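Visitor: Please find one structure pasted underneath; my questions will follow.
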Amino acid sequence: MPSGIHHVTAIAGSARRNLDFYTGTLGLRLVKKTVNFDDPGSYHLYYGDGAGHPGTILTFFPWEGAPPGRLGIGEAQETVFSVPEGSIGYWTQRLIEKGVAHDPPAKRFGETTLAFKDRDGTRLALAGVRGAEAAPGWSATEAPAEHAIRGFHSVSLLLAEAGPTAAILTDVFGFVADGREGLTQRYRAPGVEVGGLVDLRTAGEFLMARQGAGSVHHIAFRAADDAAQAAMVKKLVQDHHLRTTEQKDRNYFRSVYFREPGRVLFEIATDPPGFAVDEPVASLGQALKLPPFLEGRRAAIEAALPKLD
């Protein structure tokens, strides 16, 4: 079974500003409010659809005062969400009303796409997709349900050369080549409706990316379970001679990380156990959730975190 995108994790500055933009302007649900397990003095905020399905989750490490990143090769260039085909006009007007800088709508691979940036400079876009209205969206926001974001459409990677990265996408994750426009080669995960596209943009010799606020930290691909993840790791090591981390328990999924040949940080994340493992779906994102090994430090962690209210 091909593996689509599980989640995308980026870096932000102000946590409060980040929360306002993604739940307010874009109308996503705050699915999980926790901390960076490796840096518990900062939040890890997860945004997605109503139930936090894989393929809808954009997460952030909000590091207060983080300097801006610099786009370059070896990094995700843009994260694209799906909206219904007829909703691009609504979103163009909404971005204007909210004072969000954006490009004019343009055609990409036959779909109308609206590119813009968040307050930290994170590169985003909305793609009008035929039939997207059939997928569930989160509607408890200002944005009407019929125009709601329906999860990921695609991510694009900026690379010196696309071939070695394409080999990982096709051989390990089951993607297939699906067309080219200019210097961009599209890859599709057959049968994956949400988060099933990756675009590889070849830049040749260019500046290397420098991570900071507005940068994508890593891209996670889905594994159905631990066995599927282990099979992917075996292929990476034996067939592609890449090194991976050990499996890490992230409470809501189990993760393995590696640098693909183009130097983008990839993660393989299991679908289970999901975001309802420690709170009901109805109240996702309302309380600060900590992993068991941090519960004993809850009072100190809560006192150090910036206020979101």
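Chain identifiers are assigned as A, B, and so on, following the order in which chains appear in the structure tokens; residues are numbered from 1 within each chain, and ligands are numbered from 1 in order of appearance.
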Run DSSP on the backbone and grab whatever in stretch 71-210 of chain A lands in helix (DSSP H, G or I); send it over as a list in words.
Guide: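 Going through stretch 71-210 of chain A, the helix (DSSP H, G or I) residues come out as Glu85, Gly86, Ser87, Ile88, Gly89, Tyr90, Trp91, Thr92, Gln93, Arg94, Leu95, Ile96, Glu97, Ala132, Glu133, Ala134, Ala145, Glu146, His147, Gly163, Pro164, Thr165, Ala166, Ala167, Ile168, Leu169, Thr170 and Asp171 of chain A.
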Visitor: Near A:Ser42, counting only C-alpha atoms, which residues have an atom at most 10 Å away, once you skip same-chain residues fewer than 3 positions from it, shown as a PyMOL selection string?
Guide: chain A and resi 15+34-39+45+61-64+301-302+304-306
Visitor: Let's see if you can do this: from backbone DSSP, list all strand (DSSP E) residues in stretch 43-235 of chain A, as number ranges by chain.
Guide: A: 43-48, 57-62, 75-84, 106-108, 111-117, 123-129, 152-159, 176-181, 184-188, 197-202, 216-223
Visitor: For A:Thr245, work out the shell of residues within 8 Å, counting only C-alpha atoms and skipping chain neighbours fewer than 6 positions away, then give it as a list of chain:residue names.
Guide: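 Counting only the stated atoms, we get A:Val256, A:Tyr257, A:Phe258.
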Visitor: From the set A:Pro105, A:Gly4, A:Pro40, A:Gly69, which residue has the shortest atom-to-atom contact distance to A:Met208, counting only C-alpha atoms?
Guide: A:Gly69
Visitor: Rank A:Leu26, A:Ala76, A:Ala143, A:Leu158 by their smallest atom-to-atom distance to A:Leu265, using only C-alpha atoms, and report the top residue only.
Guide: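 Smallest distance to A:Leu265 is found for A:Ala76.
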Visitor: For stretch 203-247 of chain A versus stretch 172-190 of chain A, which residues have an atom no more than 8 Å away, and what is each residue's nearest atom pair and distance in Å rounded to one decimal, using only C-alpha atoms, chain-then-number order, as a Markdown table?
Guide:
```
| residue | atom | partner | partner_atom | distance |
| --- | --- | --- | --- | --- |
| A:Ala203 | CA | A:Leu183 | CA | 7.8 |
| A:Phe221 | CA | A:Phe173 | CA | 7.8 |
| A:Met232 | CA | A:Val172 | CA | 5.8 |
| A:Lys235 | CA | A:Val172 | CA | 6.6 |
| A:Leu236 | CA | A:Val172 | CA | 7.0 |
```
Visitor: Pick from A:Pro136, A:Gly52, A:Leu124, A:His147: nearest to A:Gly89, with only C-alpha atoms counted?
Guide: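 Using only C-alpha atoms, A:Gly89 sits closest to A:His147.
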